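Pasting run_21.csv here (CSV, C-alpha atoms):
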chain,number,residue,atom,x,y,z
A,656,MET,CA,0.0,0.0,0.0
A,657,LYS,CA,2.9,2.4,0.8
A,658,ARG,CA,4.3,1.6,-2.6
A,659,ILE,CA,1.0,2.6,-4.3
A,660,ILE,CA,0.8,5.8,-2.3
A,661,TYR,CA,4.5,6.6,-3.2
A,662,ILE,CA,3.9,6.0,-6.9
A,663,ALA,CA,0.7,8.1,-6.9
A,664,SER,CA,2.5,10.9,-5.1
A,665,LEU,CA,5.3,10.7,-7.6
A,666,PHE,CA,2.9,11.0,-10.6
A,667,LEU,CA,1.1,13.9,-8.8
A,668,LEU,CA,4.4,15.7,-8.2
A,669,LEU,CA,5.5,15.2,-11.9
A,670,GLY,CA,2.1,16.4,-13.1
A,671,VAL,CA,2.5,19.6,-11.0
A,672,PHE,CA,6.0,20.3,-12.3
A,673,GLY,CA,5.0,19.5,-15.9
A,674,SER,CA,2.1,21.9,-15.8
A,675,CYS,CA,4.3,24.6,-14.3
A,676,ALA,CA,6.8,24.1,-17.1
A,677,LYS,CA,4.0,24.5,-19.7
A,678,VAL,CA,2.7,27.8,-18.0
A,679,GLN,CA,6.2,29.3,-17.9
A,680,ARG,CA,7.0,28.4,-21.6
A,681,LYS,CA,6.2,31.5,-23.7
A,682,LYS,CA,5.2,31.5,-27.3
A,683,GLU,CA,7.7,33.2,-29.6
A,684,PHE,CA,6.9,34.9,-32.9
A,685,PHE,CA,9.6,36.0,-35.3
A,686,LEU,CA,9.5,38.2,-38.4
A,687,ASP,CA,9.9,36.3,-41.7
A,688,GLN,CA,13.1,37.1,-43.6
A,689,GLU,CA,11.2,37.7,-46.9
A,690,PHE,CA,9.0,40.2,-45.1
A,691,LYS,CA,12.0,42.0,-43.8
A,692,ARG,CA,13.4,42.4,-47.3
A,693,TYR,CA,10.7,44.9,-48.1
A,694,PHE,CA,10.8,47.0,-44.9
A,695,LYS,CA,13.9,46.6,-42.8
A,696,PHE,CA,16.8,49.0,-43.4
A,697,GLY,CA,19.4,50.6,-41.2
A,698,ASN,CA,19.8,54.1,-39.7
A,699,GLN,CA,20.8,56.8,-42.2
A,700,SER,CA,19.4,54.9,-45.2
A,701,SER,CA,18.0,57.5,-47.6
A,702,TRP,CA,15.8,57.8,-50.6
A,703,ILE,CA,15.7,60.7,-53.2
A,704,TYR,CA,12.5,61.3,-55.2
A,705,VAL,CA,11.7,63.2,-58.4
A,706,GLU,CA,8.3,64.1,-60.0
A,707,ASN,CA,7.2,62.2,-63.1
A,708,GLY,CA,9.6,62.9,-66.0
A,709,GLY,CA,11.6,65.3,-63.9
A,710,SER,CA,15.3,65.1,-62.9
A,711,LEU,CA,15.3,67.7,-60.1
A,712,THR,CA,15.0,66.3,-56.5
A,713,VAL,CA,11.6,67.3,-55.1
A,714,ALA,CA,11.6,65.2,-51.9
A,715,SER,CA,13.8,62.9,-49.8
A,716,MET,CA,13.5,60.7,-46.8
A,717,GLU,CA,16.1,59.5,-44.3
A,718,LEU,CA,15.6,56.6,-41.9
A,719,ASN,CA,16.3,57.5,-38.3
A,720,ALA,CA,15.7,56.1,-34.8
A,721,LEU,CA,15.6,52.4,-35.7
A,722,LYS,CA,14.4,50.4,-32.8
A,723,GLU,CA,14.3,46.6,-32.9
A,724,GLY,CA,14.1,43.7,-30.5
A,725,VAL,CA,11.5,41.5,-28.8
A,726,PHE,CA,8.4,42.6,-27.0
A,727,ASP,CA,7.7,40.5,-23.9
A,728,VAL,CA,3.9,40.6,-23.7
A,729,GLY,CA,3.1,38.2,-20.9
A,730,GLU,CA,2.4,34.9,-22.6
A,731,ALA,CA,4.3,35.6,-25.7
A,732,LYS,CA,7.5,37.2,-27.2
A,733,GLN,CA,7.1,39.1,-30.4
A,734,GLU,CA,10.0,40.4,-32.6
A,735,PHE,CA,9.5,44.0,-33.8
A,736,PHE,CA,11.2,46.9,-35.5
A,737,SER,CA,10.2,50.5,-36.0
A,738,TYR,CA,11.8,53.7,-37.4
A,739,GLU,CA,11.1,57.2,-38.5
A,740,LEU,CA,11.3,58.4,-42.1
A,741,ASN,CA,12.2,62.1,-41.9
A,742,GLY,CA,11.0,63.8,-45.0
A,743,THR,CA,12.2,66.9,-46.9
A,744,GLY,CA,9.6,68.0,-49.4
A,745,SER,CA,7.3,65.2,-48.1
A,746,LYS,CA,5.6,64.4,-44.9
A,747,ASN,CA,7.5,62.6,-42.1
A,748,MET,CA,6.5,59.0,-41.7
A,749,LEU,CA,6.8,56.2,-39.1
A,750,LEU,CA,7.0,52.5,-39.9
A,751,ARG,CA,6.3,49.7,-37.4
A,752,ALA,CA,6.5,46.0,-38.0
A,753,VAL,CA,5.7,43.2,-35.5
A,754,ALA,CA,5.5,39.4,-35.6
A,755,ASP,CA,2.0,38.4,-34.4
A,756,GLU,CA,0.2,35.2,-33.4
A,757,ASP,CA,-0.3,32.5,-36.1
A,758,ASN,CA,3.0,33.5,-37.7
A,759,VAL,CA,1.4,36.7,-39.1
A,760,ASN,CA,3.8,39.6,-39.7
A,761,ARG,CA,2.2,43.1,-39.7
A,762,ILE,CA,3.5,46.4,-41.0
A,763,SER,CA,1.9,49.8,-40.4
A,764,LEU,CA,3.1,53.0,-42.1
A,765,PHE,CA,1.9,56.2,-40.5
A,766,VAL,CA,2.2,59.8,-41.8
A,767,SER,CA,2.9,62.7,-39.5
A,768,ASP,CA,0.3,65.4,-39.9
A,769,THR,CA,-1.0,67.0,-36.6
A,770,SER,CA,-0.6,63.4,-35.2
A,771,TYR,CA,0.5,60.1,-36.7
A,772,LYS,CA,-2.2,58.7,-39.0
A,773,VAL,CA,-2.2,55.2,-40.6
A,774,VAL,CA,-1.5,55.2,-44.3
A,775,VAL,CA,-0.7,51.6,-45.1
A,776,GLU,CA,-1.4,48.4,-43.1
A,777,LEU,CA,-0.4,45.0,-44.5
A,778,SER,CA,-0.1,41.5,-43.2
A,779,TYR,CA,2.2,38.8,-44.4
A,780,LEU,CA,1.3,35.1,-44.0
A,781,ASP,CA,2.5,32.0,-45.8
A,782,GLY,CA,4.5,34.0,-48.3
A,783,ALA,CA,1.9,36.4,-49.4
A,784,PHE,CA,1.0,40.0,-48.5
A,785,VAL,CA,-2.6,40.9,-47.8
A,786,PRO,CA,-4.3,44.3,-47.0
A,787,PHE,CA,-5.4,44.7,-43.4
A,788,LYS,CA,-9.0,43.7,-42.8
A,789,GLY,CA,-11.5,46.5,-42.7
A,790,ARG,CA,-9.5,49.0,-44.6
A,791,ASN,CA,-10.7,48.1,-48.1
A,792,ASP,CA,-7.3,48.8,-49.7
A,793,VAL,CA,-6.3,46.9,-52.8
A,794,LEU,CA,-2.9,45.1,-52.9
A,795,ILE,CA,-1.2,44.0,-56.1
A,796,GLU,CA,2.1,42.1,-56.2
A,797,TYR,CA,4.4,42.1,-59.2
A,798,GLU,CA,7.5,40.0,-59.9
A,799,SER,CA,8.8,43.0,-61.7
A,800,LYS,CA,7.4,46.5,-62.4
A,801,GLU,CA,8.6,49.4,-64.4
A,802,ILE,CA,8.1,52.7,-62.7
A,803,ASN,CA,9.3,56.0,-64.2
A,804,GLY,CA,11.7,54.2,-66.5
A,805,LYS,CA,13.2,52.0,-63.9
A,806,THR,CA,12.4,48.3,-63.4
A,807,TYR,CA,12.1,46.9,-59.9
A,808,SER,CA,11.8,43.3,-58.7
A,809,ASP,CA,9.3,42.0,-56.1
A,810,VAL,CA,7.0,45.1,-56.0
A,811,ILE,CA,3.9,45.6,-53.9
A,812,GLU,CA,1.4,48.2,-55.0
A,813,VAL,CA,-1.1,49.4,-52.3
A,814,GLN,CA,-4.1,51.3,-53.7
A,815,LEU,CA,-5.5,53.2,-50.7
A,816,ASN,CA,-9.2,53.8,-50.1
A,817,ASP,CA,-10.4,56.8,-48.1
A,818,ASN,CA,-6.9,58.0,-47.4
A,819,GLU,CA,-6.6,61.8,-47.1
A,820,PHE,CA,-2.9,61.9,-48.2
A,821,TYR,CA,-2.2,59.3,-50.8
A,822,ASP,CA,-3.8,57.3,-53.6
A,823,LYS,CA,-1.1,54.6,-54.0
A,824,VAL,CA,2.2,53.6,-52.4
A,825,PHE,CA,4.7,51.2,-54.0
A,826,PHE,CA,7.3,49.1,-52.1
A,827,ALA,CA,10.1,47.1,-53.7
A,828,ALA,CA,12.1,44.4,-51.9
A,829,GLN,CA,15.6,45.5,-50.9
A,830,VAL,CA,14.7,49.1,-51.9
A,831,GLY,CA,11.9,50.5,-49.8
A,832,ILE,CA,9.3,53.0,-51.0
A,833,ILE,CA,9.8,53.4,-54.8
A,834,ALA,CA,6.7,55.6,-55.6
A,835,ILE,CA,4.0,57.6,-53.9
A,836,GLU,CA,0.9,59.0,-55.7
A,837,GLU,CA,-0.3,61.9,-53.6
A,838,LYS,CA,-3.9,63.2,-53.4
A,839,SER,CA,-2.5,66.5,-54.5
A,840,SER,CA,-1.8,65.0,-58.0
A,841,ARG,CA,1.9,65.0,-57.4
A,842,ASP,CA,3.5,61.7,-58.0
A,843,LEU,CA,6.9,61.0,-56.4
A,844,PHE,CA,9.3,58.5,-58.0
A,845,LEU,CA,12.5,57.1,-56.6
A,846,ASN,CA,15.5,58.5,-58.3
A,847,SER,CA,18.3,57.1,-56.1
A,848,TYR,CA,18.8,55.6,-52.7
A,849,ILE,CA,21.5,54.5,-50.2
A,850,LEU,CA,20.8,51.6,-47.8
A,851,LYS,CA,22.7,51.1,-44.6
Take the structure from the file and write it as structure tokens.
Amino acid sequence: MKRIIYIASLFLLLGVFGSCAKVQRKKEFFLDQEFKRYFKFGNQSSWIYVENGGSLTVASMELNALKEGVFDVGEAKQEFFSYELNGTGSKNMLLRAVADEDNVNRISLFVSDTSYKVVVELSYLDGAFVPFKGRNDVLIEYESKEINGKTYSDVIEVQLNDNEFYDKVFFAAQVGIIAIEEKSSRDLFLNSYILK
């Protein structure tokens, strides 16, 4: 009888430690490398823009204040990065990316007006980008796309609905924002860039 009580106590003790180990183990979510190709660049990366057909610089952006790491949000750890795009001749922007549950990567691009307002929100899951639910934006992916006489590979076009600043924003992998169609009828096209 003592042996049965001993074995039962042992199983009870193992069960308690096993359940504690499960409670302490946090879920971890990481950003996909393909996703990072479109949006992650280093401090002092810069982009120079011209208007359609023009050769004079009309706008530029410089990446500053890169923050990256892992959020510890109680039951989970989520990889993230964010940075500011300081504009000359264009509005300042803020980009945030985070790895979320179910291996979804999310990016939000904000424009600085009187406060930061969301311009673009995208999710990335199973190798494909999709617009954020509820925004009614249209997303088109291209293997290659010519914009203002230059051909870029792996391009995302986001057609924005009900956005007060922009009609379309184009991103290219390993380049960044390659074109912006503004509501003011001014179209900005990437002329040159430096990635750090």
If I take atom CA of Ala783 of chain A and atom CA of Leu721 of chain A, how far is one from the other in Å, to one decimal?
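It comes out at 25.1 Å.
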12 Å contact set for Glu734 of chain A, only C-alpha atoms, chain neighbours under 3 positions out, as a list in words:
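The filter keeps Lys682, Glu683, Phe684, Phe685, Leu686, Asp687, Gln688, Lys691, Lys722, Glu723, Gly724, Val725, Phe726, Asp727, Val728, Ala731, Ser737, Arg751, Ala752, Val753, Ala754, Asp755, Glu756, Asn758, Val759, Asn760 and Arg761 of chain A.
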I'd like the interatomic distance between atom CA of Ser763 of chain A and atom CA of Phe825 of chain A, to a tenth of an Å.
14.0 Å
What are the nearest atom pairs, with distances in Å to one decimal, for all residues of segment 672-781 of chain A that come at most 12 Å from segment 802-824 of chain A, using only C-alpha atoms, set out by chain and rising residue number as a Markdown table?
| residue | atom | partner | partner_atom | distance |
| --- | --- | --- | --- | --- |
| A:Glu689 | CA | A:Asp809 | CA | 10.3 |
| A:Phe690 | CA | A:Asp809 | CA | 11.2 |
| A:Arg692 | CA | A:Asp809 | CA | 9.7 |
| A:Tyr693 | CA | A:Asp809 | CA | 8.6 |
| A:Phe694 | CA | A:Ile811 | CA | 11.4 |
| A:Tyr704 | CA | A:Asn803 | CA | 10.9 |
| A:Val705 | CA | A:Asn803 | CA | 9.6 |
| A:Glu706 | CA | A:Asn803 | CA | 9.2 |
| A:Asn707 | CA | A:Asn803 | CA | 6.6 |
| A:Gly708 | CA | A:Asn803 | CA | 7.1 |
| A:Gly709 | CA | A:Asn803 | CA | 9.6 |
| A:Ser710 | CA | A:Asn803 | CA | 11.0 |
| A:Ser745 | CA | A:Phe820 | CA | 10.7 |
| A:Lys746 | CA | A:Phe820 | CA | 9.5 |
| A:Met748 | CA | A:Phe820 | CA | 11.8 |
| A:Leu764 | CA | A:Val824 | CA | 10.4 |
| A:Phe765 | CA | A:Phe820 | CA | 10.7 |
| A:Val766 | CA | A:Phe820 | CA | 8.4 |
| A:Ser767 | CA | A:Phe820 | CA | 10.5 |
| A:Asp768 | CA | A:Phe820 | CA | 9.6 |
| A:Lys772 | CA | A:Asn818 | CA | 9.7 |
| A:Val773 | CA | A:Asn818 | CA | 8.7 |
| A:Val774 | CA | A:Asn818 | CA | 6.8 |
| A:Val775 | CA | A:Val813 | CA | 7.5 |
| A:Glu776 | CA | A:Val813 | CA | 9.3 |
| A:Leu777 | CA | A:Val813 | CA | 9.0 |
| A:Tyr779 | CA | A:Ile811 | CA | 11.8 |
Between atom CA of Leu718 of chain A and atom CA of Gly831 of chain A, measure the distance and give it in Å to one decimal.
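Answer for the atom CA of Leu718 of chain A to atom CA of Gly831 of chain A separation: 10.6 Å.
Between Phe784 of chain A and the residues A:Leu749, A:Ile833, A:Gln733, A:Phe826, the shortest atom-to-atom distance, using all atoms listed in the file, involves A:Phe826.
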